[in-house]
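Enquirer: model_19.csv is the file, holding CSV, C-alpha atoms:
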```
chain,number,residue,atom,x,y,z
A,236,LEU,CA,0.0,0.0,0.0
A,237,SER,CA,1.1,3.5,-0.7
A,238,TYR,CA,1.3,6.1,2.1
A,239,GLN,CA,-1.9,7.8,0.8
A,240,GLN,CA,-3.8,4.5,0.6
A,241,LEU,CA,-2.8,3.6,4.1
A,242,ILE,CA,-3.9,7.0,5.5
A,243,ARG,CA,-7.2,6.6,3.7
A,244,ALA,CA,-7.8,3.1,5.1
A,245,VAL,CA,-7.0,4.3,8.6
A,246,SER,CA,-9.3,7.3,8.2
A,247,ILE,CA,-12.2,5.1,7.0
A,248,SER,CA,-11.7,2.6,9.8
A,249,SER,CA,-11.6,5.3,12.4
A,250,MET,CA,-14.8,6.9,11.0
A,251,HIS,CA,-16.5,3.5,11.1
A,252,LEU,CA,-15.4,3.0,14.7
A,253,PHE,CA,-16.6,6.5,15.6
A,254,LEU,CA,-20.0,6.0,14.0
A,255,SER,CA,-20.4,2.6,15.6
A,256,ALA,CA,-19.6,4.1,19.0
A,257,ILE,CA,-22.3,6.7,18.5
A,258,LEU,CA,-24.8,4.1,17.3
A,259,VAL,CA,-24.1,1.8,20.2
A,260,GLY,CA,-24.3,4.7,22.7
A,261,PHE,CA,-27.7,5.7,21.3
A,262,LEU,CA,-29.1,2.1,21.1
A,263,LEU,CA,-28.0,0.9,24.5
A,264,PRO,CA,-29.0,2.4,27.9
A,265,GLN,CA,-26.7,3.7,30.6
A,266,LYS,CA,-28.4,1.2,32.9
A,267,PRO,CA,-29.2,-2.5,32.4
A,268,PHE,CA,-32.4,-3.6,30.8
A,269,THR,CA,-34.7,-4.8,33.6
A,270,GLN,CA,-38.1,-6.5,33.8
A,271,PRO,CA,-41.1,-5.4,35.9
A,272,ILE,CA,-40.9,-6.9,39.4
A,273,PHE,CA,-44.6,-7.5,40.0
A,274,PRO,CA,-46.4,-10.5,38.6
A,275,ASN,CA,-48.9,-10.4,35.8
A,276,GLY,CA,-52.6,-10.9,36.6
A,277,PRO,CA,-55.0,-10.0,39.5
A,278,GLY,CA,-52.7,-11.2,42.2
A,279,ASP,CA,-54.7,-12.1,45.4
A,280,GLY,CA,-57.7,-10.1,44.1
A,281,THR,CA,-60.4,-11.1,41.7
A,282,VAL,CA,-61.7,-9.4,38.5
A,283,GLU,CA,-65.3,-9.4,37.4
A,284,ILE,CA,-67.4,-7.5,34.8
A,285,LEU,CA,-69.6,-4.6,35.9
A,286,ALA,CA,-73.2,-5.1,34.7
A,287,GLY,CA,-74.0,-2.7,31.9
A,288,HIS,CA,-71.7,-1.3,29.3
A,289,ASP,CA,-72.9,2.2,28.7
A,290,LEU,CA,-71.0,5.0,30.4
A,291,MET,CA,-74.2,7.1,30.1
A,292,GLU,CA,-76.4,4.4,31.7
A,293,GLN,CA,-77.9,5.5,35.0
A,294,ALA,CA,-77.9,3.4,38.1
A,295,ASP,CA,-81.6,4.1,38.8
A,296,ASN,CA,-84.3,6.6,37.9
A,297,ASP,CA,-83.3,8.9,40.7
A,298,SER,CA,-79.7,9.3,39.5
A,299,PRO,CA,-79.1,12.6,37.6
A,300,ALA,CA,-78.4,12.1,33.9
A,301,ILE,CA,-76.0,15.0,33.8
A,302,THR,CA,-74.8,17.8,36.1
A,303,GLU,CA,-76.0,21.4,35.6
A,304,ASN,CA,-72.6,22.6,34.4
A,305,VAL,CA,-72.1,19.8,31.8
A,306,ASN,CA,-71.5,21.1,28.3
A,307,MET,CA,-74.2,21.2,25.5
A,308,LEU,CA,-72.6,18.4,23.6
A,309,LEU,CA,-73.2,15.9,26.4
A,310,ALA,CA,-76.7,17.3,27.1
A,311,ALA,CA,-77.7,16.5,23.6
A,312,ALA,CA,-75.9,13.2,23.7
A,313,SER,CA,-77.9,12.1,26.8
A,314,LYS,CA,-81.2,12.5,24.9
A,315,ILE,CA,-80.4,11.0,21.5
A,316,ASP,CA,-79.2,7.5,21.7
A,317,PRO,CA,-77.3,7.2,18.4
A,318,PHE,CA,-75.5,10.5,19.1
A,319,ARG,CA,-74.9,9.4,22.7
A,320,ASN,CA,-73.2,6.2,21.5
A,321,PHE,CA,-71.1,8.2,19.1
A,322,ILE,CA,-69.8,10.5,21.8
A,323,LEU,CA,-69.3,7.8,24.5
A,324,PRO,CA,-69.7,4.3,23.1
A,325,ALA,CA,-70.6,1.4,25.3
A,326,ARG,CA,-67.7,-0.6,26.6
A,327,GLN,CA,-67.1,-3.5,28.9
A,328,ILE,CA,-65.9,-2.3,32.3
A,329,LYS,CA,-64.1,-4.7,34.7
A,330,VAL,CA,-63.7,-4.3,38.4
A,331,TRP,CA,-60.8,-5.6,40.5
A,332,LEU,CA,-61.9,-6.6,44.0
A,333,PRO,CA,-59.4,-6.7,46.8
A,334,PRO,CA,-58.3,-9.9,48.5
A,335,GLY,CA,-61.1,-11.2,50.9
A,336,TYR,CA,-63.8,-8.9,49.5
A,337,ASN,CA,-66.2,-11.8,49.1
A,338,ASP,CA,-65.3,-13.4,52.5
A,339,ASP,CA,-68.2,-13.7,55.0
A,340,ALA,CA,-65.9,-12.0,57.6
A,341,ASN,CA,-65.8,-8.9,55.4
A,342,SER,CA,-69.4,-8.7,54.5
A,343,GLU,CA,-69.8,-5.3,56.2
A,344,ARG,CA,-66.5,-3.9,55.2
A,345,ARG,CA,-66.3,-1.0,52.8
A,346,TYR,CA,-63.4,0.0,50.5
A,347,PRO,CA,-62.0,3.1,48.8
A,348,VAL,CA,-62.2,3.2,45.0
A,349,LEU,CA,-59.7,3.8,42.3
A,350,TYR,CA,-61.0,4.8,38.8
A,351,CYS,CA,-58.4,3.7,36.3
A,352,HIS,CA,-58.3,5.1,32.7
A,353,ASP,CA,-56.8,2.9,30.0
A,354,GLY,CA,-58.0,0.1,32.4
A,355,GLN,CA,-57.4,-2.6,29.8
A,356,ASN,CA,-53.7,-2.0,30.3
A,357,ALA,CA,-53.6,-2.2,34.1
A,358,MET,CA,-53.9,-5.9,35.1
A,359,TYR,CA,-53.4,-8.4,32.4
A,360,ASP,CA,-50.6,-8.5,29.8
A,361,SER,CA,-52.9,-10.3,27.4
A,362,ASP,CA,-55.4,-7.4,27.5
A,363,SER,CA,-52.9,-4.7,26.9
A,364,TRP,CA,-52.3,-3.5,23.3
A,365,THR,CA,-48.5,-3.6,23.9
A,366,GLY,CA,-48.5,-7.1,25.3
A,367,HIS,CA,-47.4,-5.7,28.7
A,368,SER,CA,-49.6,-4.3,31.5
A,369,TRP,CA,-49.0,-2.1,34.5
A,370,ARG,CA,-49.1,-5.2,36.7
A,371,MET,CA,-51.4,-3.3,39.1
A,372,GLY,CA,-52.9,-6.4,40.6
A,373,GLY,CA,-49.5,-7.8,41.4
A,374,ALA,CA,-48.3,-4.5,42.8
A,375,LEU,CA,-51.4,-4.1,45.1
A,376,THR,CA,-50.9,-7.7,46.3
A,377,HIS,CA,-47.2,-7.0,47.0
A,378,LEU,CA,-48.0,-3.8,48.9
A,379,LEU,CA,-50.7,-5.5,51.0
A,380,ARG,CA,-48.4,-8.5,51.8
A,381,GLN,CA,-45.7,-6.1,52.9
A,382,GLN,CA,-48.2,-4.1,55.0
A,383,LEU,CA,-47.4,-1.0,53.1
A,384,LEU,CA,-51.1,-0.3,52.4
A,385,PRO,CA,-53.6,-0.1,55.2
A,386,GLU,CA,-56.2,-1.4,52.7
A,387,ALA,CA,-56.5,-1.9,49.0
A,388,PRO,CA,-59.1,-0.1,46.9
A,389,ILE,CA,-61.7,-1.5,44.6
A,390,VAL,CA,-60.3,-0.7,41.1
A,391,VAL,CA,-62.7,0.3,38.3
A,392,LEU,CA,-61.0,-0.6,35.0
A,393,ILE,CA,-62.4,1.8,32.4
A,394,PRO,CA,-61.0,0.8,29.0
A,395,SER,CA,-60.0,3.3,26.4
A,396,MET,CA,-61.4,3.0,22.9
A,397,SER,CA,-59.1,2.0,20.0
A,398,ASP,CA,-61.3,3.2,17.1
A,399,ASP,CA,-61.1,6.5,15.1
A,400,VAL,CA,-64.0,9.0,15.3
A,401,LEU,CA,-62.8,10.3,11.9
A,402,PRO,CA,-59.9,9.0,9.8
A,403,GLY,CA,-56.7,9.9,11.8
A,404,VAL,CA,-58.7,11.2,14.8
A,405,ARG,CA,-58.4,8.7,17.7
A,406,ARG,CA,-61.4,8.4,20.0
A,407,ARG,CA,-59.0,7.9,23.0
A,408,HIS,CA,-57.3,11.2,22.2
A,409,LEU,CA,-60.7,13.0,22.4
A,410,GLU,CA,-62.0,11.3,25.5
A,411,TYR,CA,-58.8,12.0,27.3
A,412,SER,CA,-58.4,15.5,26.0
A,413,ASP,CA,-58.8,18.7,28.1
A,414,GLY,CA,-61.6,20.0,25.9
A,415,ILE,CA,-65.3,19.5,25.5
A,416,TRP,CA,-65.1,15.8,24.7
A,417,GLY,CA,-62.8,15.1,27.7
A,418,GLN,CA,-65.2,17.0,30.0
A,419,ALA,CA,-68.1,14.9,28.7
A,420,TYR,CA,-66.1,11.8,29.5
A,421,VAL,CA,-65.2,12.6,33.1
A,422,ASP,CA,-68.7,14.0,33.7
A,423,ALA,CA,-70.3,10.7,32.6
A,424,ILE,CA,-68.0,8.8,34.9
A,425,VAL,CA,-69.2,10.9,37.9
A,426,ASP,CA,-72.8,11.1,37.0
A,427,ASN,CA,-73.5,7.6,35.7
A,428,LEU,CA,-70.7,5.2,36.2
A,429,LYS,CA,-69.9,6.0,39.8
A,430,PRO,CA,-73.4,5.6,41.0
A,431,ARG,CA,-73.5,2.2,39.4
A,432,VAL,CA,-70.3,1.2,41.1
A,433,ASP,CA,-71.5,2.5,44.4
A,434,ALA,CA,-74.7,0.5,44.0
A,435,ALA,CA,-73.0,-2.7,43.1
A,436,TYR,CA,-70.1,-2.7,45.6
A,437,ARG,CA,-69.4,-1.8,49.2
A,438,THR,CA,-67.6,1.5,48.6
A,439,LYS,CA,-66.6,4.1,51.0
A,440,VAL,CA,-68.2,7.5,50.6
A,441,GLY,CA,-66.4,10.8,50.3
A,442,ALA,CA,-63.8,12.4,48.0
A,443,ASN,CA,-60.9,11.2,50.3
A,444,ASN,CA,-61.9,7.6,49.4
A,445,THR,CA,-62.2,8.1,45.6
A,446,MET,CA,-59.1,8.4,43.4
A,447,ALA,CA,-58.2,8.4,39.7
A,448,ILE,CA,-55.2,7.1,37.8
A,449,GLY,CA,-54.0,7.0,34.2
A,450,SER,CA,-51.0,7.0,32.0
A,451,SER,CA,-50.0,9.5,29.3
A,452,LEU,CA,-53.3,11.2,28.2
A,453,GLY,CA,-55.1,9.0,30.7
A,454,GLY,CA,-53.1,10.8,33.4
A,455,GLN,CA,-54.5,14.0,32.1
A,456,ALA,CA,-58.0,12.5,32.4
A,457,ALA,CA,-57.3,11.6,36.0
A,458,PHE,CA,-56.2,15.2,36.9
A,459,LEU,CA,-59.2,16.7,35.0
A,460,SER,CA,-61.5,14.5,37.0
A,461,VAL,CA,-60.2,16.0,40.3
A,462,LEU,CA,-60.1,19.6,38.9
A,463,ARG,CA,-63.6,19.3,37.5
A,464,HIS,CA,-65.2,17.3,40.3
A,465,PRO,CA,-63.2,18.1,43.5
A,466,ASP,CA,-66.2,17.1,45.6
A,467,VAL,CA,-66.0,13.6,44.2
A,468,PHE,CA,-62.3,12.8,43.7
A,469,GLY,CA,-59.7,13.3,46.4
A,470,GLY,CA,-56.6,12.6,44.4
A,471,ALA,CA,-55.1,11.6,41.0
A,472,ALA,CA,-52.0,9.9,39.8
A,473,GLY,CA,-50.4,10.3,36.3
A,474,LEU,CA,-47.8,7.9,34.9
A,475,SER,CA,-45.8,9.9,32.3
A,476,PRO,CA,-48.8,12.2,31.9
A,477,CYS,CA,-49.5,14.3,28.9
A,478,PHE,CA,-50.7,17.6,30.2
A,479,GLN,CA,-52.2,19.9,27.5
A,480,ALA,CA,-52.5,23.6,27.4
A,481,GLY,CA,-56.2,23.8,28.4
A,482,LEU,CA,-55.7,21.8,31.6
A,483,LEU,CA,-52.5,23.7,32.5
A,484,SER,CA,-54.2,27.0,32.1
A,485,ASN,CA,-57.2,25.9,34.2
A,486,VAL,CA,-54.8,24.7,37.0
A,487,ALA,CA,-53.0,28.0,36.8
A,488,MET,CA,-56.2,30.0,37.1
A,489,SER,CA,-58.2,27.8,39.6
A,490,GLY,CA,-55.6,25.5,41.1
A,491,ALA,CA,-56.8,26.4,44.6
A,492,THR,CA,-59.5,23.8,43.9
A,493,LEU,CA,-56.8,21.2,44.3
A,494,LYS,CA,-55.8,22.2,47.8
A,495,ASP,CA,-55.5,19.2,50.1
A,496,LYS,CA,-55.8,16.8,47.2
A,497,SER,CA,-53.4,13.8,46.8
A,498,LEU,CA,-51.5,14.4,43.6
A,499,TYR,CA,-48.8,12.3,42.1
A,500,PHE,CA,-47.1,12.3,38.7
A,501,ASP,CA,-43.9,10.9,37.3
A,502,ASN,CA,-42.0,10.4,34.1
A,503,GLY,CA,-38.8,9.2,32.5
A,504,GLY,CA,-37.0,10.5,29.5
A,505,ASP,CA,-33.5,11.9,29.0
A,506,VAL,CA,-31.9,13.2,32.2
A,507,ASP,CA,-28.4,14.7,32.1
A,508,ASP,CA,-26.2,12.0,30.6
A,509,ILE,CA,-28.7,9.2,31.0
A,510,ARG,CA,-30.6,8.8,27.7
A,511,VAL,CA,-33.6,6.7,26.8
A,512,PRO,CA,-32.3,3.8,24.5
A,513,LEU,CA,-33.6,3.7,21.0
A,514,LEU,CA,-34.4,0.0,21.4
A,515,ASP,CA,-35.2,-2.2,24.4
A,516,PRO,CA,-35.5,-5.8,23.2
A,517,PHE,CA,-37.9,-6.8,26.0
A,518,ASP,CA,-40.3,-4.1,24.7
A,519,HIS,CA,-40.7,-5.9,21.4
A,520,LEU,CA,-41.6,-9.3,22.8
A,521,PRO,CA,-43.9,-11.2,22.6
A,522,HIS,CA,-45.1,-8.9,19.8
A,523,TRP,CA,-44.0,-5.6,18.4
A,524,ASN,CA,-44.3,-2.5,20.6
A,525,PRO,CA,-43.0,0.8,19.4
A,526,GLY,CA,-41.5,1.6,22.8
A,527,TYR,CA,-41.9,5.4,22.3
A,528,PHE,CA,-38.4,6.2,23.4
A,529,TRP,CA,-38.8,9.9,22.7
A,530,LEU,CA,-42.1,10.6,24.3
A,531,ASP,CA,-41.3,11.1,28.0
A,532,THR,CA,-38.6,13.6,27.0
A,533,GLN,CA,-41.1,15.4,24.7
A,534,LEU,CA,-43.7,15.6,27.4
A,535,GLN,CA,-41.3,17.2,30.0
A,536,PRO,CA,-42.3,20.9,29.3
A,537,GLY,CA,-46.0,20.1,30.1
A,538,ILE,CA,-45.0,18.4,33.3
A,539,ASP,CA,-42.7,21.3,34.3
A,540,ALA,CA,-45.6,23.7,33.6
A,541,MET,CA,-47.9,21.6,35.8
A,542,ARG,CA,-45.3,21.7,38.6
A,543,THR,CA,-45.1,25.5,38.2
A,544,ALA,CA,-48.9,26.0,38.2
A,545,LEU,CA,-49.4,23.8,41.3
A,546,SER,CA,-46.6,25.6,43.1
A,547,LEU,CA,-48.1,29.0,42.3
A,548,HIS,CA,-51.1,28.0,44.4
A,549,LYS,CA,-48.9,26.3,47.0
A,550,ILE,CA,-50.5,22.9,46.3
A,551,SER,CA,-48.6,20.0,47.6
A,552,PHE,CA,-47.8,17.2,45.1
A,553,GLU,CA,-45.3,14.4,44.6
A,554,TYR,CA,-43.3,14.3,41.4
A,555,VAL,CA,-40.7,11.6,40.7
A,556,ARG,CA,-38.3,11.4,37.7
A,557,PHE,CA,-37.0,8.1,36.5
A,558,PRO,CA,-34.0,8.8,34.2
A,559,GLY,CA,-33.9,6.8,31.0
A,560,GLY,CA,-37.5,5.6,31.4
A,561,ARG,CA,-39.5,4.9,28.2
A,562,HIS,CA,-43.1,5.7,27.6
A,563,ASN,CA,-45.0,2.4,27.7
A,564,GLU,CA,-46.8,0.0,30.0
A,565,ARG,CA,-43.7,-2.2,30.7
A,566,GLU,CA,-41.9,0.9,32.1
A,567,TRP,CA,-44.9,1.9,34.2
A,568,ALA,CA,-45.1,-1.6,35.6
A,569,ARG,CA,-41.7,-0.9,37.3
A,570,ARG,CA,-43.1,2.0,39.3
A,571,ILE,CA,-46.8,1.6,39.6
A,572,ASP,CA,-46.3,0.9,43.3
A,573,LYS,CA,-45.1,4.5,43.8
A,574,ALA,CA,-48.4,5.9,42.6
A,575,LEU,CA,-50.5,3.5,44.6
A,576,LEU,CA,-48.5,4.2,47.8
A,577,HIS,CA,-49.1,7.9,47.3
A,578,LEU,CA,-52.8,7.6,46.9
A,579,PHE,CA,-53.6,4.8,49.4
A,580,GLY,CA,-50.5,4.4,51.6
A,581,HIS,CA,-50.3,5.2,55.3
A,582,ARG,CA,-50.9,8.9,56.0
```
Output the file's structure in the form of structure tokens.

Expert:
Amino acid sequence: LSYQQLIRAVSISSMHLFLSAILVGFLLPQKPFTQPIFPNGPGDGTVEILAGHDLMEQADNDSPAITENVNMLLAAASKIDPFRNFILPARQIKVWLPPGYNDDANSERRYPVLYCHDGQNAMYDSDSWTGHSWRMGGALTHLLRQQLLPEAPIVVLIPSMSDDVLPGVRRRHLEYSDGIWGQAYVDAIVDNLKPRVDAAYRTKVGANNTMAIGSSLGGQAAFLSVLRHPDVFGGAAGLSPCFQAGLLSNVAMSGATLKDKSLYFDNGGDVDDIRVPLLDPFDHLPHWNPGYFWLDTQLQPGIDAMRTALSLHKISFEYVRFPGGRHNEREWARRIDKALLHLFGHR
């Protein structure tokens, strides 16, 4: 080889090594890949189906169909069945009952309630669209066995809808939005679903015994529930929540409504030199799951804005950052216990 050819070969090899190092550093995390620590399934609890599928269905003739401040869209929807089903379609709602709920010894015992958005993703891996769940049943069982919870709540698993209202317009994005559709959704839960749950199960009364939880946009729905119905909900938890401008402005203007509420939210994303890996092989098994490596980092400005808005009103809250965390159910399963402890732990 000539001197020039040798220099070229060395330069090309060095460039390949440099690009490979960059690629490996982007693909691989700065911490080992780990699996959720809680088991799949209901744990020591049981899951059953709540009678009736319609979010607008009333528990009895005395239950109000809608509150006075509900928007005109929902008012029309409650009177015209086809339109009602278009706005808030019927869906199968499951309920997780704590260990011992059906025991004779507990026949007079009442329980707090947790309303769970994206409920199909909470308990069973097989029900979740990503093939991984939050492992909530396993987490609640673990916390009870370790005596970290004084009692477990009844969990109402409200599934999100996977269809499109219009091409490219996801129904879930509308129901969990901070606009008129999202308001109709949380109002229907309060006015119609909750009375049915209270009639069917031994629930504790009062806002301090009624909480909401969700992930991503479902976290926003949980916070909107408390903000819009502070007399009903005593707290909310958001796993990697997506807080939109409308909700943030409402909290900034009327955040005092959240005083004495139990509020928790967390997220992952890029933090300092710890980056979210492009790929995590466990995310893509048993079937393909996009992983959303970028999304927690992208949602950070909204989370920071929520922290600022709450702090302006001197509202207490718990915020936890998990560096390198991805935006999916498998990641949330690693930390679901933190949210549950905040909402229902010893106080």

Enquirer: Would you list the contacts of stretch 388-393 of chain A as JSON, numbers by chain, taking every protein, DNA or RNA residue within 7 Å and counting all atoms listed in the file, but skipping same-chain residues closer than 6 positions in sequence?

Expert: {"A": [328, 329, 330, 331, 332, 333, 346, 347, 348, 349, 350, 351, 352, 353, 354, 355]}

Enquirer: Kindly give the distance, in Å, that separates atom CA of A:Ile448 and atom CA of A:Ala357, rounded to a single decimal.

Expert: 10.1 Å

Enquirer: If the box runs along x, y and z of the file and leaves 8 Å on each side of stretch 348-362 of chain A, what are its centre and edge lengths in Å, one decimal, as AutoDock Vina command-line options?

Expert:
```
--center_x -56.4 --center_y -2.6 --center_z 36.2 --size_x 27.6 --size_y 31.4 --size_z 33.6
```

Enquirer: Rank nothing, just name the residue among A:Tyr436, A:Trp416, A:Tyr554, A:Phe458 nearest to A:Ser342, using all atoms listed in the file.

Expert: A:Tyr436

Enquirer: When you draw a straight line from atom CA of A:Ser489 to atom CA of A:Ser546, how long is it in Å?

Expert: 12.3 Å

Enquirer: Report the distance between atom CA of A:Asp518 and atom CA of A:Gly454 in Å, rounded to one decimal place.

Expert: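 Distance between the two atoms: 21.5 Å.
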
Enquirer: Pick out the residues sitting within 7 Å of stretch 561-569 of chain A, and hand them over as a PyMOL selection string; count only C-alpha atoms, and ignore anything fewer than 2 positions along from it in its own chain.

Expert: chain A and resi 271-272+367-370+474-475+503-504+511+526-528+530-531+559+571

Enquirer: Looking at A:Ala435, A:Leu575, A:Val421, A:Val555, which one is nearest to A:Thr376, with distances taken over only C-alpha atoms?

Expert: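 The shortest atom-to-atom distance to A:Thr376 comes from A:Leu575.
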
Enquirer: Please provide the set of residues having any atom within 8 Å of A:Gln479, restricted to only C-alpha atoms, with same-chain residues fewer than 4 positions apart removed, written as a list of chain:residue names.

Expert: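 Returned residues: A:Ser412, A:Asp413, A:Gln455, A:Leu483, A:Gly537.
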
Enquirer: If we count only C-alpha atoms, what is near A:Gly580 at a cut-off of 10 Å, once residues fewer than 4 positions away on the same chain are taken out, given as JSON, numbers by chain?

Expert: {"A": [378, 379, 382, 383, 384, 385, 386, 387, 572, 573, 574, 575, 576]}

Enquirer: Just checking: using all atoms listed in the file, which residue out of A:Asp338, A:His577, A:Leu323, A:Asp360 ends up closest to A:Gly276?

Expert: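 Smallest distance to A:Gly276 is found for A:Asp360.
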
Enquirer: Measuring between only C-alpha atoms, which one of A:Gly414, A:Met488, A:Val400, A:Phe579 shows the shortest distance to A:Met446?

Expert: A:Phe579

Enquirer: Select, from A:Asn502, A:Ser395, A:Asn337, A:Gln535, the residue with the minimum atom-to-atom distance to A:Tyr420, counting all atoms listed in the file.

Expert: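 Between A:Asn502, A:Ser395, A:Asn337, A:Gln535, the residue approaching A:Tyr420 most closely is A:Ser395.
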
Enquirer: Which neighbours of A:Leu482 fall inside 12 Å, counting only C-alpha atoms, when residues of the same chain fewer than 3 positions from it are skipped, and could you give them as number ranges by chain?

Expert: A: 411-415, 417-418, 452, 454-463, 476-479, 485-490, 537-538, 540-541, 544-545

Enquirer: Write the selection just made, keeping C-alpha atoms, as a PDB file, in the frame of the given file?

Expert:
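Ended up saving to part_7.pdb:
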```pdb
ATOM      1  CA  TYR A 411     -58.800  12.000  27.300  1.00  0.00           C
ATOM      2  CA  SER A 412     -58.400  15.500  26.000  1.00  0.00           C
ATOM      3  CA  ASP A 413     -58.800  18.700  28.100  1.00  0.00           C
ATOM      4  CA  GLY A 414     -61.600  20.000  25.900  1.00  0.00           C
ATOM      5  CA  ILE A 415     -65.300  19.500  25.500  1.00  0.00           C
ATOM      6  CA  GLY A 417     -62.800  15.100  27.700  1.00  0.00           C
ATOM      7  CA  GLN A 418     -65.200  17.000  30.000  1.00  0.00           C
ATOM      8  CA  LEU A 452     -53.300  11.200  28.200  1.00  0.00           C
ATOM      9  CA  GLY A 454     -53.100  10.800  33.400  1.00  0.00           C
ATOM     10  CA  GLN A 455     -54.500  14.000  32.100  1.00  0.00           C
ATOM     11  CA  ALA A 456     -58.000  12.500  32.400  1.00  0.00           C
ATOM     12  CA  ALA A 457     -57.300  11.600  36.000  1.00  0.00           C
ATOM     13  CA  PHE A 458     -56.200  15.200  36.900  1.00  0.00           C
ATOM     14  CA  LEU A 459     -59.200  16.700  35.000  1.00  0.00           C
ATOM     15  CA  SER A 460     -61.500  14.500  37.000  1.00  0.00           C
ATOM     16  CA  VAL A 461     -60.200  16.000  40.300  1.00  0.00           C
ATOM     17  CA  LEU A 462     -60.100  19.600  38.900  1.00  0.00           C
ATOM     18  CA  ARG A 463     -63.600  19.300  37.500  1.00  0.00           C
ATOM     19  CA  PRO A 476     -48.800  12.200  31.900  1.00  0.00           C
ATOM     20  CA  CYS A 477     -49.500  14.300  28.900  1.00  0.00           C
ATOM     21  CA  PHE A 478     -50.700  17.600  30.200  1.00  0.00           C
ATOM     22  CA  GLN A 479     -52.200  19.900  27.500  1.00  0.00           C
ATOM     23  CA  ASN A 485     -57.200  25.900  34.200  1.00  0.00           C
ATOM     24  CA  VAL A 486     -54.800  24.700  37.000  1.00  0.00           C
ATOM     25  CA  ALA A 487     -53.000  28.000  36.800  1.00  0.00           C
ATOM     26  CA  MET A 488     -56.200  30.000  37.100  1.00  0.00           C
ATOM     27  CA  SER A 489     -58.200  27.800  39.600  1.00  0.00           C
ATOM     28  CA  GLY A 490     -55.600  25.500  41.100  1.00  0.00           C
ATOM     29  CA  GLY A 537     -46.000  20.100  30.100  1.00  0.00           C
ATOM     30  CA  ILE A 538     -45.000  18.400  33.300  1.00  0.00           C
ATOM     31  CA  ALA A 540     -45.600  23.700  33.600  1.00  0.00           C
ATOM     32  CA  MET A 541     -47.900  21.600  35.800  1.00  0.00           C
ATOM     33  CA  ALA A 544     -48.900  26.000  38.200  1.00  0.00           C
ATOM     34  CA  LEU A 545     -49.400  23.800  41.300  1.00  0.00           C
TER      35      LEU A 545
END
```
